[in-house]
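Here is the structure we will look at, set down as structure tokens.
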Amino acid sequence: MPYKEKEIEKKYYTIGEVADELGVATSLIRFWEGEFDNIKPKKNRKGNRQFTKDDLQSVKLIYHLVKEKGYTLQGARDFISNGGETASDKMEMIESLKRIRKFLTELKSELP
């Protein structure tokens with residue numbers, strides 16, 4: 001059995017990494033941080049933001065609601081406060097299905 005290298009999992013993400021993953025500007029992430037209470041990244045001694053996986057999920061949820069579903073900021077705030085857990089679960093499921101689809105298309109392309 002060949003040795004399978006374990007994938008290293010990051011604990012903290014920079015604001016640039018978060019913005020790149022979503023395809024938005026860092027200023028939008030900073031703006032959302034001020035607008036939404038559920039985004040609270042830690043800051044190091046220099047003042048750089050360090051986003052955890054939970055922070056990243058919160059930003060992805062806000063992105064999904066505002067950019068993909070067309071919610072206003074107030075509407076997204078209300079949605080998160082009233083039932084954000086279900087939306088977060090649905091979003092995680094969508095992300096999982098996207099990863100599976102990507103894997104299957106890569107597998108299909110490798111077949112003769």
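Quick note on naming: the chains in the structure tokens go A, B, ... in the order shown, residues restart at 1 in each chain, and ligands are numbered from 1 in order of appearance.
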(message) Quick one: residues within 12 Å of A:Arg77, only C-alpha atoms, excluding same-chain residues fewer than 3 positions away - as a list in words?
(response) Trp32, Glu35, Phe36, Asp37, Asn38, Ile39, Ser58, Leu61, Ile62, Tyr63, Leu65, Val66, Tyr71, Thr72, Leu73, Gln74, Ile80, Ser81, Asn82, Gly83 and Gly84 of chain A
(request) Do a neighbour search on A:Lys42 at 9 Å with only C-alpha atoms, toss out local chain neighbours closer than 4 positions, and write the hits as a ChimeraX atom specification. (result) /A:47-52
(request) DSSP on the backbone, then: every residue of chain A marked strand (DSSP E or B), written as a list of chain:residue names. (result)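 For chain A, the strand (DSSP E or B) set is A:Tyr13, A:Lys42, A:Lys43, A:Arg49, A:Gln50, A:Phe51.
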(message) List the spatial neighbours of A:Lys11 as a PyMOL selection string - criterion: any atom at most 8 Å away, only C-alpha atoms, same-chain residues fewer than 2 positions off excluded.
(response) chain A and resi 9+13+52-53
(message) Please determine, counting only C-alpha atoms, which residue among A:Asp55, A:Arg101, A:Arg45, A:Glu5 has the shortest atom-to-atom distance to A:Val18.
(response)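 For A:Val18, the nearest of the given residues is A:Asp55.
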(message) Run DSSP on the backbone and tell me which residues of chain A come out as helix (DSSP H, G or I); list them as a ChimeraX atom specification.
(response) /A:15-22,26-35,53-68,73-110
(request) Tell me which of A:Lys67, A:Leu111, A:Lys60, A:Ala76 sits closest to A:Ile94, counting only C-alpha atoms. (result)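 Checking each candidate against A:Ile94, we get A:Lys60 as the closest.
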Distance query A:Ala19 at most 10 Å, only C-alpha atoms, self and fewer than 3 positions along chain excluded, as a JSON list (two decimals) with N, CA and C atoms, in the first residue's frame:
[["chain", "number", "residue", "atom", "x", "y", "z"],
["A", 14, "THR", "N", -5.47, 34.62, 5.83],
["A", 14, "THR", "CA", -5.35, 36.07, 5.75],
["A", 14, "THR", "C", -6.57, 36.62, 5.02],
["A", 15, "ILE", "N", -6.75, 37.92, 5.11],
["A", 15, "ILE", "CA", -7.89, 38.54, 4.44],
["A", 15, "ILE", "C", -7.73, 38.41, 2.93],
["A", 16, "GLY", "N", -6.51, 38.41, 2.45],
["A", 16, "GLY", "CA", -6.26, 38.23, 1.02],
["A", 16, "GLY", "C", -6.66, 36.85, 0.53],
["A", 22, "LEU", "N", -13.19, 33.93, -2.61],
["A", 22, "LEU", "CA", -14.52, 34.37, -3.01],
["A", 22, "LEU", "C", -14.50, 35.21, -4.29],
["A", 23, "GLY", "N", -13.33, 35.66, -4.70],
["A", 23, "GLY", "CA", -13.23, 36.47, -5.90],
["A", 23, "GLY", "C", -13.72, 37.89, -5.70],
["A", 24, "VAL", "N", -13.50, 38.43, -4.50],
["A", 24, "VAL", "CA", -13.91, 39.81, -4.20],
["A", 24, "VAL", "C", -12.70, 40.59, -3.70],
["A", 25, "ALA", "N", -12.87, 41.88, -3.53],
["A", 25, "ALA", "CA", -11.80, 42.73, -3.01],
["A", 25, "ALA", "C", -11.72, 42.61, -1.49],
["A", 26, "THR", "N", -10.53, 42.84, -0.97],
["A", 26, "THR", "CA", -10.34, 42.78, 0.49],
["A", 26, "THR", "C", -11.16, 43.85, 1.20],
["A", 27, "SER", "N", -11.37, 44.98, 0.52],
["A", 27, "SER", "CA", -12.16, 46.05, 1.13],
["A", 27, "SER", "C", -13.59, 45.61, 1.41],
["A", 28, "LEU", "N", -14.13, 44.74, 0.55],
["A", 28, "LEU", "CA", -15.49, 44.24, 0.77],
["A", 28, "LEU", "C", -15.54, 43.36, 2.02],
["A", 29, "ILE", "N", -14.51, 42.56, 2.24],
["A", 29, "ILE", "CA", -14.45, 41.71, 3.44],
["A", 29, "ILE", "C", -14.37, 42.60, 4.69],
["A", 30, "ARG", "N", -13.55, 43.64, 4.64],
["A", 30, "ARG", "CA", -13.45, 44.57, 5.78],
["A", 30, "ARG", "C", -14.79, 45.27, 6.01],
["A", 56, "LEU", "N", -14.43, 32.02, 8.03],
["A", 56, "LEU", "CA", -14.50, 31.80, 6.59],
["A", 56, "LEU", "C", -15.88, 31.33, 6.17],
["A", 59, "VAL", "N", -18.25, 34.31, 6.26],
["A", 59, "VAL", "CA", -18.07, 35.19, 5.11],
["A", 59, "VAL", "C", -18.66, 34.55, 3.86]]
